[in-house]
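Contents: one structure, followed by commentary.
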Amino acid sequence: MKKPITVSGLVQSGVIQNNLNSTLPQFKSQSDFSNQIAIFLPLAQIQPNPYQPRSIFPDAELNELAASITEIGLIQPIAVRKVSDMAYQIIAGERRFRAFKLLSKTEIPCVLFTATDEDMAVMAIAENVSRQDLSDYEIAKSIRTVESLFPSRTRLAQALGFQREDMYRYFAYEALPLFLLEKLEMNPRLLSRNAAADIKRVLNKMSAEQSEIALSALTEAIALLEAAQIDQTKIASFIATRVTQATQAETATLNIQKQHFFLQDKKIGHFLSSEKGLEVKISAGVLTDEKTTELKKILDDFFRV
């Protein structure tokens with residue numbers, strides 16, 4: 001369960017004159033705006049929050065919200081900031097705004113606030129995370145989008161109300177293979193941040209020789225996940241198991257091809273033939289200097305054209 005976020009102290013000060021000629025209130029949270037003066041603004045003059053992390057607004061949810069607005073009205077106005085004489089940006093309430101457009105309304109009740117870009121970024125994420133219906137992948141994308149607005153990741157974590165360690169799990173998505181990121185774009189709920197962090201961790205442990213096997217195992221695991229035949233929490237261990245099995249199988253094959261040398265029933269070396277070539281190994285101290293020189297001469301004569 002995601003931790004609800006409360007954003008406070010977003011605005012230090014600021015006054016914008018509107019047709020009510022009043023001082024704009026300080027935006028403290030997503031609390032009820034009933035004690036604030038709402039004004040009606042044309043929908044055509046309102047723009048989405050530029051830092052909105054949500055990429056999908058399900059039609060069914062918007063239709064349900066629109067039906068509720070038709071029946072009982074808009075319980076809470078949306079929060080906006082003024083960006084020019086004829087333009088406003090949504091701080092909080094984009095789904096309500098979209099529902100009004102769905103109903104072919106021309107105006108919507110709004111409360112005006114002042115807010116910096118940093119405030120807008122935090123509020124866009126906070127509004128959605130606190131509702132617990134925004135996927136971890138969408139949160140991760142929004143965090144990367146607004147990261148440059150903050151002096152450090154520590155400050156970003158503080159502003160969002162995240163533990164720094166937990167926030168870094170969101171950054172794990174960017175280390176995933178391209179094919180998986182493409183799937184997440186189509187289905188943002190495919191992997192949680194914890195599953196993404198586990199996958200990143202197991203892939204980072206793989207050697208160059210193991211990486212191809214690991215990616216093949218990941219592809220297989222994601223197919224199983226989409227078919228509901230594996231839980232996402234098991235994907236990392238699935239990859240590790242596949243790599244271990246492949247390594248053991250390769251080792252067993254090499255051992256079959258390996259021919260050992262013995263001296264008085266003691267293993268002193270081996271001859272190995274594999275896809276990588278031929279390998280002859282003699283244990284240290286077995287050959288005298290004279291025998292070593294003789295063996296080198298034999299090999300020189302063998303390869304001489």
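Chain labels follow the order of the structure tokens: the first chain is A, the next B, and so on; residue numbering restarts at 1 in every chain, and ligands are counted from 1 in their shown order.
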Per-residue DSSP, range 66-303 of chain A, filtered to strand (DSSP E or B), as an mmCIF file with N, CA and C atoms, in the first residue's frame:
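Resulting contents of out.cif:
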data_model
loop_
_atom_site.group_PDB
_atom_site.id
_atom_site.type_symbol
_atom_site.label_atom_id
_atom_site.label_comp_id
_atom_site.auth_asym_id
_atom_site.auth_seq_id
_atom_site.Cartn_x
_atom_site.Cartn_y
_atom_site.Cartn_z
ATOM 1 N N ILE A 78 -12.045 22.432 -8.626
ATOM 2 C CA ILE A 78 -10.666 22.078 -8.920
ATOM 3 C C ILE A 78 -9.750 23.237 -8.508
ATOM 4 N N ALA A 79 -8.483 22.933 -8.312
ATOM 5 C CA ALA A 79 -7.496 23.953 -7.941
ATOM 6 C C ALA A 79 -6.671 24.298 -9.169
ATOM 7 N N VAL A 80 -6.513 25.597 -9.439
ATOM 8 C CA VAL A 80 -5.761 26.031 -10.615
ATOM 9 C C VAL A 80 -4.831 27.177 -10.252
ATOM 10 N N ARG A 81 -3.846 27.392 -11.120
ATOM 11 C CA ARG A 81 -2.999 28.586 -11.013
ATOM 12 C C ARG A 81 -3.128 29.367 -12.321
ATOM 13 N N LYS A 82 -2.951 30.680 -12.221
ATOM 14 C CA LYS A 82 -3.066 31.535 -13.402
ATOM 15 C C LYS A 82 -1.696 31.663 -14.048
ATOM 16 N N VAL A 83 -1.623 31.374 -15.354
ATOM 17 C CA VAL A 83 -0.347 31.469 -16.056
ATOM 18 C C VAL A 83 -0.321 32.611 -17.062
ATOM 19 N N SER A 84 -1.489 33.141 -17.407
ATOM 20 C CA SER A 84 -1.584 34.322 -18.266
ATOM 21 C C SER A 84 -2.989 34.898 -18.102
ATOM 22 N N ALA A 87 -5.274 32.086 -19.449
ATOM 23 C CA ALA A 87 -4.893 30.670 -19.325
ATOM 24 C C ALA A 87 -4.624 30.300 -17.872
ATOM 25 N N TYR A 88 -5.054 29.091 -17.524
ATOM 26 C CA TYR A 88 -4.865 28.568 -16.177
ATOM 27 C C TYR A 88 -4.370 27.128 -16.298
ATOM 28 N N GLN A 89 -3.653 26.680 -15.290
ATOM 29 C CA GLN A 89 -3.192 25.289 -15.243
ATOM 30 C C GLN A 89 -3.749 24.606 -14.012
ATOM 31 N N ILE A 90 -4.110 23.336 -14.175
ATOM 32 C CA ILE A 90 -4.686 22.575 -13.075
ATOM 33 C C ILE A 90 -3.597 22.193 -12.077
ATOM 34 N N ILE A 91 -3.829 22.478 -10.813
ATOM 35 C CA ILE A 91 -2.960 21.990 -9.742
ATOM 36 C C ILE A 91 -3.477 20.640 -9.267
ATOM 37 N N ALA A 92 -4.782 20.555 -9.035
ATOM 38 C CA ALA A 92 -5.411 19.307 -8.593
ATOM 39 C C ALA A 92 -6.828 19.245 -9.149
ATOM 40 N N GLU A 107 -18.041 25.615 -18.450
ATOM 41 C CA GLU A 107 -17.342 26.232 -17.314
ATOM 42 C C GLU A 107 -17.242 25.229 -16.164
ATOM 43 N N ILE A 108 -16.306 25.482 -15.252
ATOM 44 C CA ILE A 108 -16.137 24.613 -14.093
ATOM 45 C C ILE A 108 -15.741 25.465 -12.884
ATOM 46 N N PRO A 109 -16.256 25.149 -11.694
ATOM 47 C CA PRO A 109 -15.861 25.897 -10.491
ATOM 48 C C PRO A 109 -14.385 25.661 -10.166
ATOM 49 N N CYS A 110 -13.676 26.747 -9.887
ATOM 50 C CA CYS A 110 -12.241 26.666 -9.603
ATOM 51 C C CYS A 110 -11.892 27.539 -8.409
ATOM 52 N N VAL A 111 -10.842 27.150 -7.714
ATOM 53 C CA VAL A 111 -10.243 27.999 -6.691
ATOM 54 C C VAL A 111 -8.845 28.346 -7.167
ATOM 55 N N LEU A 112 -8.518 29.623 -7.170
ATOM 56 C CA LEU A 112 -7.217 30.088 -7.649
ATOM 57 C C LEU A 112 -6.175 30.054 -6.541
ATOM 58 N N PHE A 113 -4.997 29.572 -6.883
ATOM 59 C CA PHE A 113 -3.854 29.552 -5.974
ATOM 60 C C PHE A 113 -2.614 30.027 -6.726
ATOM 61 N N LYS A 258 36.085 -33.396 -21.204
ATOM 62 C CA LYS A 258 37.399 -33.230 -20.592
ATOM 63 C C LYS A 258 38.056 -34.608 -20.359
ATOM 64 N N GLN A 259 39.277 -34.768 -20.830
ATOM 65 C CA GLN A 259 40.040 -35.999 -20.611
ATOM 66 C C GLN A 259 41.209 -35.690 -19.667
ATOM 67 N N HIS A 260 41.271 -36.428 -18.562
ATOM 68 C CA HIS A 260 42.264 -36.127 -17.537
ATOM 69 C C HIS A 260 43.551 -36.937 -17.746
ATOM 70 N N PHE A 261 44.664 -36.338 -17.354
ATOM 71 C CA PHE A 261 45.960 -37.009 -17.347
ATOM 72 C C PHE A 261 46.249 -37.501 -15.934
ATOM 73 N N PHE A 262 46.823 -38.688 -15.826
ATOM 74 C CA PHE A 262 47.120 -39.254 -14.515
ATOM 75 C C PHE A 262 48.596 -39.672 -14.452
ATOM 76 N N LEU A 263 49.165 -39.580 -13.292
ATOM 77 C CA LEU A 263 50.514 -40.067 -13.020
ATOM 78 C C LEU A 263 50.459 -40.824 -11.705
ATOM 79 N N LYS A 266 47.278 -40.352 -9.862
ATOM 80 C CA LYS A 266 47.028 -38.995 -9.376
ATOM 81 C C LYS A 266 46.746 -38.086 -10.565
ATOM 82 N N LYS A 267 45.644 -37.324 -10.496
ATOM 83 C CA LYS A 267 45.255 -36.435 -11.585
ATOM 84 C C LYS A 267 46.263 -35.284 -11.673
ATOM 85 N N ILE A 268 46.879 -35.134 -12.846
ATOM 86 C CA ILE A 268 47.906 -34.083 -12.989
ATOM 87 C C ILE A 268 47.560 -33.055 -14.064
ATOM 88 N N GLY A 269 46.419 -33.203 -14.749
ATOM 89 C CA GLY A 269 46.035 -32.231 -15.763
ATOM 90 C C GLY A 269 44.903 -32.751 -16.611
ATOM 91 N N HIS A 270 44.592 -32.004 -17.677
ATOM 92 C CA HIS A 270 43.504 -32.442 -18.549
ATOM 93 C C HIS A 270 43.669 -31.896 -19.957
ATOM 94 N N PHE A 271 42.923 -32.535 -20.863
ATOM 95 C CA PHE A 271 42.792 -32.097 -22.247
ATOM 96 C C PHE A 271 41.311 -31.800 -22.462
ATOM 97 N N LEU A 272 40.965 -30.556 -22.919
ATOM 98 C CA LEU A 272 39.566 -30.157 -23.039
ATOM 99 C C LEU A 272 39.289 -29.625 -24.431
ATOM 100 N N SER A 273 38.247 -30.151 -25.048
ATOM 101 C CA SER A 273 37.800 -29.674 -26.353
ATOM 102 C C SER A 273 36.400 -29.082 -26.199
ATOM 103 N N SER A 274 36.234 -27.825 -26.617
ATOM 104 C CA SER A 274 34.934 -27.165 -26.512
ATOM 105 C C SER A 274 34.777 -26.191 -27.672
ATOM 106 N N GLY A 277 37.563 -23.769 -28.125
ATOM 107 C CA GLY A 277 38.853 -24.222 -28.611
ATOM 108 C C GLY A 277 39.383 -25.406 -27.826
ATOM 109 N N LEU A 278 40.699 -25.622 -27.901
ATOM 110 C CA LEU A 278 41.354 -26.719 -27.186
ATOM 111 C C LEU A 278 42.150 -26.168 -26.015
ATOM 112 N N GLU A 279 42.140 -26.915 -24.936
ATOM 113 C CA GLU A 279 42.891 -26.498 -23.750
ATOM 114 C C GLU A 279 43.638 -27.699 -23.184
ATOM 115 N N VAL A 280 44.929 -27.542 -23.002
ATOM 116 C CA VAL A 280 45.759 -28.563 -22.356
ATOM 117 C C VAL A 280 46.332 -27.944 -21.090
ATOM 118 N N LYS A 281 46.087 -28.566 -19.971
ATOM 119 C CA LYS A 281 46.560 -28.020 -18.701
ATOM 120 C C LYS A 281 47.308 -29.094 -17.916
ATOM 121 N N ILE A 282 48.526 -28.737 -17.475
ATOM 122 C CA ILE A 282 49.349 -29.619 -16.648
ATOM 123 C C ILE A 282 49.591 -28.937 -15.310
#
**For Leu65 in chain A, the nearest of the candidates A:Leu41, A:Leu203, A:Ile230, A:Leu103, counting only C-alpha atoms** =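 Smallest distance to Leu65 in chain A is found for A:Leu103.
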Hey, could you make a per-residue contact list for range 104-125 of chain A against range 145-168 of chain A with 10 Å as the cut-off, showing the nearest pair of atoms and its distance in Å to one decimal, counting only C-alpha atoms, sorted by chain and number, as a tab-separated table?
residue	atom	partner	partner_atom	distance
A:Asp117	CA	A:Leu149	CA	7.6
A:Glu118	CA	A:Leu149	CA	6.0
A:Asp119	CA	A:Ala159	CA	9.1
A:Met120	CA	A:Val146	CA	9.5
A:Ala121	CA	A:Val146	CA	6.2
A:Val122	CA	A:Leu160	CA	6.1
A:Met123	CA	A:Leu160	CA	8.6
A:Ile125	CA	A:Leu160	CA	7.7
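Minimum atom-to-atom distance to Phe57 in chain A, evaluated using only C-alpha atoms, belongs to A:Leu134 out of A:Leu134, A:Ala172, A:Leu43, A:Ile72.
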**Asked** Expressed in Å to a single decimal, how great is the separation between CA of Asp301 in chain A and CA of Val286 in chain A?
**Response**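 Between these atoms lies a distance of 22.4 Å.
Using only C-alpha atoms, the protein and nucleic acid residues lying no more than 12 Å from Arg169 in chain A, apart from those fewer than 3 places from it along its own chain, are A:Asp136, A:Tyr137, A:Ile139, A:Ala140, A:Ile143, A:Ala157, A:Phe162, A:Gln163, A:Arg164, A:Glu165, A:Asp166, A:Ala172, A:Tyr173, A:Glu174, A:Ala175, A:Leu191, A:Ser192, A:Arg193, A:Asn194, A:Ala195, A:Ala196, A:Ala197, A:Asp198, A:Ile199, A:Lys200, A:Arg201.
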How about saving the chosen residues, C-alpha atoms kept, as a compact mmCIF listing (two decimals), in the first residue's frame?
# COMPACT_ATOMS: atom_id res chain seq x y z
CA ASP A 136 4.41 2.51 -9.66
CA TYR A 137 5.65 2.81 -13.25
CA ILE A 139 5.02 7.40 -10.54
CA ALA A 140 8.55 6.48 -11.64
CA ILE A 143 9.61 11.41 -10.67
CA ALA A 157 12.17 12.43 -1.67
CA PHE A 162 9.09 9.15 0.35
CA GLN A 163 11.84 7.38 2.21
CA ARG A 164 14.97 7.85 0.07
CA GLU A 165 15.50 4.08 -0.15
CA ASP A 166 11.93 3.54 -1.35
CA ALA A 172 14.97 0.72 -11.05
CA TYR A 173 12.59 0.84 -14.02
CA GLU A 174 15.05 2.75 -16.16
CA ALA A 175 17.54 -0.15 -15.92
CA LEU A 191 5.43 -4.62 -12.59
CA SER A 192 5.60 -3.00 -9.18
CA ARG A 193 8.64 -0.97 -8.13
CA ASN A 194 9.75 -3.80 -5.82
CA ALA A 195 9.62 -6.35 -8.66
CA ALA A 196 11.51 -3.95 -10.93
CA ALA A 197 14.20 -3.45 -8.27
CA ASP A 198 14.54 -7.23 -7.79
CA ILE A 199 14.90 -7.78 -11.54
CA LYS A 200 17.51 -5.02 -11.81
CA ARG A 201 19.43 -6.53 -8.90
**Asked** So which residues touch range 221-225 of chain A within 9 Å, counting only C-alpha atoms, skipping near sequence neighbours fewer than 3 positions away, as number ranges by chain?
**Response** A: 180, 190, 216-218, 228-232, 234-236, 238-239
Could those selected residues go to a file with N, CA and C atoms, as a PDB file, in the first residue's frame?
ATOM      1  N   LEU A 180      10.797  -4.689 -22.175  1.00  0.00           N
ATOM      2  CA  LEU A 180       9.953  -4.657 -20.987  1.00  0.00           C
ATOM      3  C   LEU A 180       9.394  -3.252 -20.749  1.00  0.00           C
ATOM      4  N   LEU A 190       1.998  -3.658 -14.934  1.00  0.00           N
ATOM      5  CA  LEU A 190       2.590  -4.980 -15.142  1.00  0.00           C
ATOM      6  C   LEU A 190       3.576  -5.338 -14.039  1.00  0.00           C
ATOM      7  N   SER A 216      16.935 -14.012 -21.785  1.00  0.00           N
ATOM      8  CA  SER A 216      16.009 -15.012 -22.319  1.00  0.00           C
ATOM      9  C   SER A 216      15.053 -15.490 -21.228  1.00  0.00           C
ATOM     10  N   ALA A 217      15.587 -15.693 -20.034  1.00  0.00           N
ATOM     11  CA  ALA A 217      14.754 -16.114 -18.904  1.00  0.00           C
ATOM     12  C   ALA A 217      13.760 -15.031 -18.520  1.00  0.00           C
ATOM     13  N   LEU A 218      14.204 -13.765 -18.575  1.00  0.00           N
ATOM     14  CA  LEU A 218      13.305 -12.647 -18.260  1.00  0.00           C
ATOM     15  C   LEU A 218      12.160 -12.590 -19.267  1.00  0.00           C
ATOM     16  N   ALA A 228      -0.664 -14.905 -16.430  1.00  0.00           N
ATOM     17  CA  ALA A 228      -1.065 -15.161 -15.044  1.00  0.00           C
ATOM     18  C   ALA A 228      -0.602 -16.524 -14.543  1.00  0.00           C
ATOM     19  N   GLN A 229       0.577 -16.958 -15.010  1.00  0.00           N
ATOM     20  CA  GLN A 229       1.118 -18.248 -14.592  1.00  0.00           C
ATOM     21  C   GLN A 229       2.301 -18.103 -13.640  1.00  0.00           C
ATOM     22  N   ILE A 230       2.659 -16.877 -13.328  1.00  0.00           N
ATOM     23  CA  ILE A 230       3.721 -16.632 -12.357  1.00  0.00           C
ATOM     24  C   ILE A 230       3.439 -15.301 -11.672  1.00  0.00           C
ATOM     25  N   ASP A 231       3.814 -15.205 -10.413  1.00  0.00           N
ATOM     26  CA  ASP A 231       3.667 -13.948  -9.684  1.00  0.00           C
ATOM     27  C   ASP A 231       4.896 -13.085  -9.935  1.00  0.00           C
ATOM     28  N   GLN A 232       4.697 -11.778 -10.037  1.00  0.00           N
ATOM     29  CA  GLN A 232       5.821 -10.897 -10.342  1.00  0.00           C
ATOM     30  C   GLN A 232       6.908 -10.931  -9.280  1.00  0.00           C
ATOM     31  N   LYS A 234       8.158 -13.475  -8.097  1.00  0.00           N
ATOM     32  CA  LYS A 234       8.977 -14.670  -8.346  1.00  0.00           C
ATOM     33  C   LYS A 234       9.877 -14.535  -9.578  1.00  0.00           C
ATOM     34  N   ILE A 235       9.766 -13.422 -10.299  1.00  0.00           N
ATOM     35  CA  ILE A 235      10.499 -13.293 -11.563  1.00  0.00           C
ATOM     36  C   ILE A 235      12.007 -13.302 -11.344  1.00  0.00           C
ATOM     37  N   ALA A 236      12.496 -12.583 -10.354  1.00  0.00           N
ATOM     38  CA  ALA A 236      13.939 -12.520 -10.108  1.00  0.00           C
ATOM     39  C   ALA A 236      14.506 -13.899  -9.802  1.00  0.00           C
ATOM     40  N   PHE A 238      13.170 -16.709 -10.678  1.00  0.00           N
ATOM     41  CA  PHE A 238      13.016 -17.490 -11.912  1.00  0.00           C
ATOM     42  C   PHE A 238      14.242 -17.293 -12.800  1.00  0.00           C
ATOM     43  N   ILE A 239      14.680 -16.062 -12.942  1.00  0.00           N
ATOM     44  CA  ILE A 239      15.855 -15.760 -13.768  1.00  0.00           C
ATOM     45  C   ILE A 239      17.097 -16.413 -13.186  1.00  0.00           C
TER      46      ILE A 239
END
**Message:** So that I can check the secondary structure, give me every residue of range 71-204 of chain A assigned alpha helix (DSSP H) by backbone DSSP, as a ChimeraX atom specification.
**Reply:** /A:71-72,94-102,117-131,136-146,153-160,164-170,178-186,193-204
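Distances to Ala44 in chain A were evaluated for A:Glu64, A:Glu71, A:Asp59, A:Phe97 using only C-alpha atoms, and the minimum falls at A:Phe97.
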**Prompt:** Using only C-alpha atoms, which residue out of A:Pro48, A:Pro42, A:Pro58, A:Pro53 lies closest to Glu94 in chain A?
**Reply:**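 Closest candidate: A:Pro48.
Between CA of Ala124 in chain A and CA of Gln52 in chain A lies a distance of 5.3 Å.
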Find the residues around Asn63 in chain A up to 8 Å (only C-alpha atoms counted), leave out those fewer than 3 positions away in its own chain, and share them as a short mmCIF file (atom, residue, chain, number, x, y, z; two decimals) with N, CA and C atoms, in the first residue's frame.
data_model
loop_
_atom_site.label_atom_id
_atom_site.label_comp_id
_atom_site.auth_asym_id
_atom_site.auth_seq_id
_atom_site.Cartn_x
_atom_site.Cartn_y
_atom_site.Cartn_z
N ASP A 59 -12.08 5.24 -19.30
CA ASP A 59 -13.39 5.79 -19.67
C ASP A 59 -14.46 5.44 -18.65
N ALA A 60 -14.39 4.21 -18.13
CA ALA A 60 -15.43 3.77 -17.18
C ALA A 60 -15.43 4.65 -15.93
N ALA A 66 -18.71 11.43 -14.13
CA ALA A 66 -19.62 12.35 -14.82
C ALA A 66 -21.06 12.12 -14.39
N ALA A 67 -21.44 10.85 -14.22
CA ALA A 67 -22.80 10.53 -13.77
C ALA A 67 -23.04 11.06 -12.37
N ALA A 99 -14.19 15.07 -16.62
CA ALA A 99 -15.60 14.69 -16.51
C ALA A 99 -16.51 15.82 -16.98
N LEU A 102 -16.50 15.84 -20.63
CA LEU A 102 -17.31 14.71 -21.10
C LEU A 102 -18.78 15.09 -21.10
#
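Atom pair CA of Phe179 in chain A / CA of Ser211 in chain A has a distance of 15.2 Å (rounded to one decimal).
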**Given only C-alpha atoms as the counted atoms, nearest of A:Ile56, A:Leu74, A:Ala284, A:Leu215 to Glu185 in chain A** =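 For Glu185 in chain A, the nearest of the candidates is A:Ile56.
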